[in-house]
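Q: Structure provided below as C-alpha cells; questions to follow.
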Amino acid sequence: MNRVVLTELGIVVYDGDKISNRLPFGSPASEYAAIQDGSSGVPALKSCLRGTDATVNDRALLRILRKASMDVRECSEAEAADIRSSKLQILEEAGFASGEDDAMDKLRRFALELSSFRIAAESQSPDLHIIQAVGALDSLDDAINAAASHMREWYGLHFPELESLADGIPGYAGIASAGRRDGLSRGTFEAAGYDARRSEMMDLVCGKSRGGEISDANLRMVQALAAEVLALHRLRSEMESHIDEQMRSSAPNVTAILGATVGAKLLSRAGSLRRLASMSSSTIQILGAEKALFRSLKTGSQPPKHGLLFQHPLVHSAPRWQRGKVARAVAAKAAIAARIDYHTGEPNGALLQSLEARISEISEKYKDPPERP
Amino acid sequence: MNRVVLTELGIVVYDGDKISNRLPFGSPASEYAAIQDGSSGVPALKSCLRGTDATVNDRALLRILRKASMDVRECSEAEAADIRSSKLQILEEAGFASGEDDAMDKLRRFALELSSFRIAAESQSPDLHIIQAVGALDSLDDAINAAASHMREWYGLHFPELESLADGIPGYAGIASAGRRDGLSRGTFEAAGYDARRSEMMDLVCGKSRGGEISDANLRMVQALAAEVLALHRLRSEMESHIDEQMRSSAPNVTAILGATVGAKLLSRAGSLRRLASMSSSTIQILGAEKALFRSLKTGSQPPKHGLLFQHPLVHSAPRWQRGKVARAVAAKAAIAARIDYHTGEPNGALLQSLEARISEISEKYKDPPERP
Amino acid sequence: MDPGCSVYGEKLLDRAGTEYRLWDPFRSKLAACIYNGLERLPIIPGSRVLYLGASTGTTASHVSDIVGGRGAVFAVEPAGRVARDLLHRVASRRPNVIPIMQDSRRPGEYPGMYGAADVVYADIAQPDQTAMAVANCKMYLRAEGSLLLVIKARSIDSVRDPAGVIREETAKLEADFGISQAVDLRTYDRDHSLVHAVYPG
Amino acid sequence: MDPGCSVYGEKLLDRAGTEYRLWDPFRSKLAACIYNGLERLPIIPGSRVLYLGASTGTTASHVSDIVGGRGAVFAVEPAGRVARDLLHRVASRRPNVIPIMQDSRRPGEYPGMYGAADVVYADIAQPDQTAMAVANCKMYLRAEGSLLLVIKARSIDSVRDPAGVIREETAKLEADFGISQAVDLRTYDRDHSLVHAVYPG
C-alpha cells in the first residue's frame, strides 16, 4: 500500500516506511494552489501510482486522483496527525529541505506566497464585487433623487405646472431636456413616456403657464442637469441588472430564497458570502436592525422582529401578527442557502419549496389576528 | 397746469378740475406693467401734453415723460392721497368703468392679471436661478464624492495599490476607465493627469499588484461608474462657472465683497436677493450659524461670531482674535452691497475699497493677541 | 366665500345647509389671538381690510369669509412662490380678495388698491415691521380704524428678551395710536404678540 | 522583531540601545488581560503559538516580539482585506510569523503549519468560537500547553446576559481543560473575558 503525502514543498510517496518517490515543487505555492483548486493534473504522481492503490492525506489531491480513476482513499486521522507532527522531518527526508532550519525557512516563504495568492483570489470573489455594486446602487439612488429634485425646482421656475403632472424622474427629465415651453408639443410629452391623455393635459397647461422666462445660460444648465439625471438613471438600471445577474450566478440559493436585491443587501451587510454563511438564522433575521436591537437591549423592550428582511415581499405583505414567524422562516432558509452557496454554489430547488410550504402553514395556522388582552 | 393721473385702467389728464383727455388701456395689466418697467412709449399721452407742463402721480410714468424731455414733475403728496381715496369716482368719471361696482370689479381683474405677471417676472429673476444652481452644485459634490468612493473601493479590488498613489477624483477615474491593470501603461497614467515621476511609480506597482482578477461584467460596471464620475465632475465645473458668471452679472457688488461662491451661498440661505437686501448686517454676519445661535440663546453662552461668512478668505485667514471684527466689517459692506444690487444693480467700486481699508485698520489695531486674563 | 374648497387642509363642515371652515389657531395667528382672549375683533362683515404680509393666504381666507361680499381684503405680499399660492388658491377664487404683489415698504405703489381701509392687519417678519405698518396706516387707515399688528420678537431682534422687544414695539405705536389690547399668542406661537391699536386719524 | 516599524501607530521607544514597542491595552486584548491581572502568561521566548483570528496583526506583532527568533507565531486569518494588512504589515516583515489564510474551522487545512503548538491563542468573534478553539487545541496543542481564549459575549448571543454567556462558554472547556484563570477585560473591552486553560493532552 502506497502512502501519498502532499506537503507544502512537494509530494512524497511512501512504500511502507521507505520513500519510493519524491516529487518536489518547482514553485511550491503555485503548484500547491493548483492542486487545491483542482487545476493541476499531477501527471508525474499519476505515473508513479499506476496500477497500485494508495492512501492520500489531502482531499483536493484525492479528488484529482479519483477523477483519473485511480484507486485511492483518504488516509486515517492518526496518519494525518502523524504527518502534521513530523512535517519537518518528512521535508528533510524527502530532500525538499536541507535540514529543519531550512525546512522552516522554506515553509515560511511558501506561506507568504500562498497567502498572497489567496488574498488576490479572494478579492476577485464575486460576492465582494456584488457588495461594491450594491453600495454604488444606493449612492446612485441618492444622487438621482437629489439631482432630480433640483431639476424639478429649477425648471419649475419656467414651467411650474409640470410639477404635479409629470410624475416619475425620467419622464420629467425628458421634458426638461427638450428646452423652453414654447418648443414643447404633445409629441415631446409622449416621447418622454406619457400617455395621450396626460400629454394633452400637459400641452394645455403649457400654453397657459404662469412660469417666468428662462435665459439661455440658465436653460443650458437645466438641460445639462436633466441630461445627467437621465444618464444616472440609465446607469442605475444597468447596475441593478448587473447585481441580479451576478447574484443568480454566484449565489443561486440565496437569490432563490431572498431575491437578488434583498439577498445582495444582506450580503453587503454581512461583508462577504463566507461571513453570511457563518451567521446563525437569528442573526440574519435581524441584520439591518442593529439600532433597534441595541435599543431594546438598553431599555429592555421587545427586540426587533426583522431587519433588512422586512424588504422581502413575503415578510412585509404578511399580516402584521404573522411577520415575526415569516421572518424567522425566511431567515432559517436563507442561512442554509448561504451555506450551500458558499460551499458548493449548486442550486437546490427543495429549499424554496420547503419555505413556501412553511409560509402556507403559517398563513393557515395564524389566519386570525391574536385576541387583544 | 395739467394733471396727469395714471390709474389701473388708463390715463386721465385733467385741466384744472375738468377732464381734458381720457386714454383707456385696452389691456390694463399689460399696459400698466409696461409703464412701470419703462417699456411703454405712451405716444398718445405725449401728444396730449405737447408744449404744456404737467404734474404726474406715478414715478415710472414721470421717468418716461422726462426721457422725452417733457416738462413734468411729481404731484404733491396731498394730491396723491386725494387720488387714492377717490379712485373709484375717477374711474367712473373717466369712463373707464360704468359705475363704482363695475370699477371695483375691473380693478380686481386688473389686480389678478398684474399679480400673475409679477409672479412670472419674479420667477425669472436671476437670483432665483443662482440659488437653484447653488443647490444643484452641493448635490453634485455629494454625488461625486459618493460615486468616487465606490469607484475607488471597487476598482481597488483589482488594483489596490492605486489607492494611495492616485489622489484626486478625475485622475483616478481616468485610470479606472482605462480598464484592466495589464492594459495600463505610463502613458495611461500621464493621460490621466499625473506627472512623469508619479506615473512611473504607478507603472511599477501596477506590474507587481496583489489585486485580484476582475471579470468582464464587473469591469464594465466599474468603467461605467468611472465614466459617470468624470461626467459629474465636468458638470460640476460648468455649474461653478455658471454661478460665477451669473453672480458677476446680476449681483456685482455682492460678488465684489463676498466673491461669487460665498455670495451665492448667502443668497441661497436668504432665499432671494430681495430678502438678502432687507437683512441687517448682524443677520448676514451669522447667516448659516443658526444652530449655534439658538444654542447660545438657550444656554446663555456666547453667540457665534460668523456663519457662512467664515468661508470668506478675509475671515478665516484672519488671526482668531480678529475674526469677529472682520466678519462684522464684511457683513456690513455685504448688506449695503445687497441693497445696491437689489435696487440698481450698478457696480460700486468704493464699497470694496472701503472694506479693504477697514480690514487693514483692524489688522493694524489688533495686531497682537489679547492678553490672557 | 369659496364653498367646497379647503385652502390649507382645514376641515369643512356643513351645518344646516351652510358650509363652515374650521379656523385653526396653530395655523392662523388671528385665530390664536381670538382663542387667547381678544376682546373686540374690528373685522366685521363689510369691512375693508388692508392685509400686509398675506403669505399663502391662510388667515386672509378666513378674513375674506368674515367680511363677506360687501367687504374687501387687499392682500399684500411680494411676488414669489408664496405669493403664487396666495394668487391661485385664495385670491383668484374669492371675489372679495384683491391681490397686490408688492413689498409693504412701498404703500404708495399698490396697484388695485382704492379708498380707505377700516382695518390694517399686519403680519410681517421684518426688523422694521412696526414702522412699515404705521406708514401704511397713515396712508390708508380711516379715522377710528384699527391696526392689528403681529409682533414677532425674534424677527426684530433675535438676541434680546422677547417681552422687552414687544414692549418696545408697542411703545412705538403710542405716538399715533391708542393701544386697545396686546394679546400674547402663547401656546400657538412662541414670543409673538398681537396688538390691537385704534387710529384716531 | 521589526525595528523601526510601528504596526498600528504604537510608540517606539529606545532604552539603552534596544527598541521597545508600547503595548496598548485598548488595542490589544492580550495587553488588556495582563493589565487586568493575568497571573501567568504562558507565552515566553521560544514559544510556538497558534494564533486563531490574528486579524490585522496588532496583538500578533507583540506575541512575535515575545517569542523571539527561536519561537514562531502561526497567524490564522481568512483571506480578505484584514488578512492583507496582516500579510503586508506584520507577517512579511517578521521572520517568526507564518501567515495562514484560512478559516479557523478548518484546522486540518493549515498550509505552512508544522509540529505542535505550546500555546493556542484564540480571538474569534463567532457563535461557535469555543468549539472551534477546542478542535484546534485537540489537533495542535501539546500536552500541558495553554489555551488563551477570548470570549466575546455579544458574538455568541447578542441578547443574553454577558456574565451568563461567559460562564457557559467556560463550562464547555471543563471537559477537556483545567481552567487556570478567567480575566474580565473590563475598562478596555466591555463584556469580554480571556480564559487561560491548560490542556492535559
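Please note that chains go A, B, ... in the order of the C-alpha cells, that every chain numbers its residues from 1, and that ligands are numbered from 1 in the order shown.
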Can you pull out the residues contacting segment 94-103 of chain C? Cut-off 6 Å, using only C-alpha atoms, and skip same-chain residues under 5 positions away; I want them as a PyMOL selection string.
A: (chain B and resi 108+111+115) or (chain C and resi 1+72-79)
Q: I'd like the contact shell of Gln129 of chain C - 12 Å cut-off, only C-alpha atoms, skipping same-chain residues fewer than 2 positions apart - returned as an NGL selection string.
A: (:B and (278)) or (:C and (52-53 or 103-105 or 121-127 or 131-136 or 149-157 or 166 or 169-170 or 172-173))
Q: So that each row is one residue of chain D with an atom at most 12 Å from chain B, can you give its shortest atom pair and the distance in Å to one decimal, using only C-alpha atoms, rows by chain and rising number, as a Markdown table?
A:
| residue | atom | partner | partner_atom | distance |
| --- | --- | --- | --- | --- |
| D:Ala79 | CA | B:Gly212 | CA | 11.8 |
| D:Gly80 | CA | B:Leu157 | CA | 10.2 |
| D:Arg81 | CA | B:Leu157 | CA | 9.3 |
| D:Arg84 | CA | B:Arg210 | CA | 9.4 |
| D:Asp85 | CA | B:Pro160 | CA | 11.9 |
| D:Leu87 | CA | B:Arg210 | CA | 11.3 |
| D:His88 | CA | B:Arg210 | CA | 10.6 |
Q: For the strand (DSSP E or B) assignment from backbone DSSP, which residues of segment 44-200 of chain C qualify? Please present them as JSON, numbers by chain.
A: {"C": [48, 49, 50, 51, 52, 72, 73, 74, 75, 76, 97, 98, 99, 100, 117, 118, 119, 120, 121, 122, 141, 142, 143, 144, 145, 146, 147, 148, 149, 150, 151, 152, 178, 179, 180, 181, 182, 183, 184, 192, 193, 194, 195, 196, 197, 198, 199]}
Q: Write out as an MDAnalysis selection string each polymer residue whose atoms come within 12 Å of Val49 of chain D, counting only C-alpha atoms; drop sequence neighbours fewer than 4 positions from it.
A: chainID D and resid 42:45 54 60:64 66:68 70:76 96:98 113:122 136:137 140:142 145:148
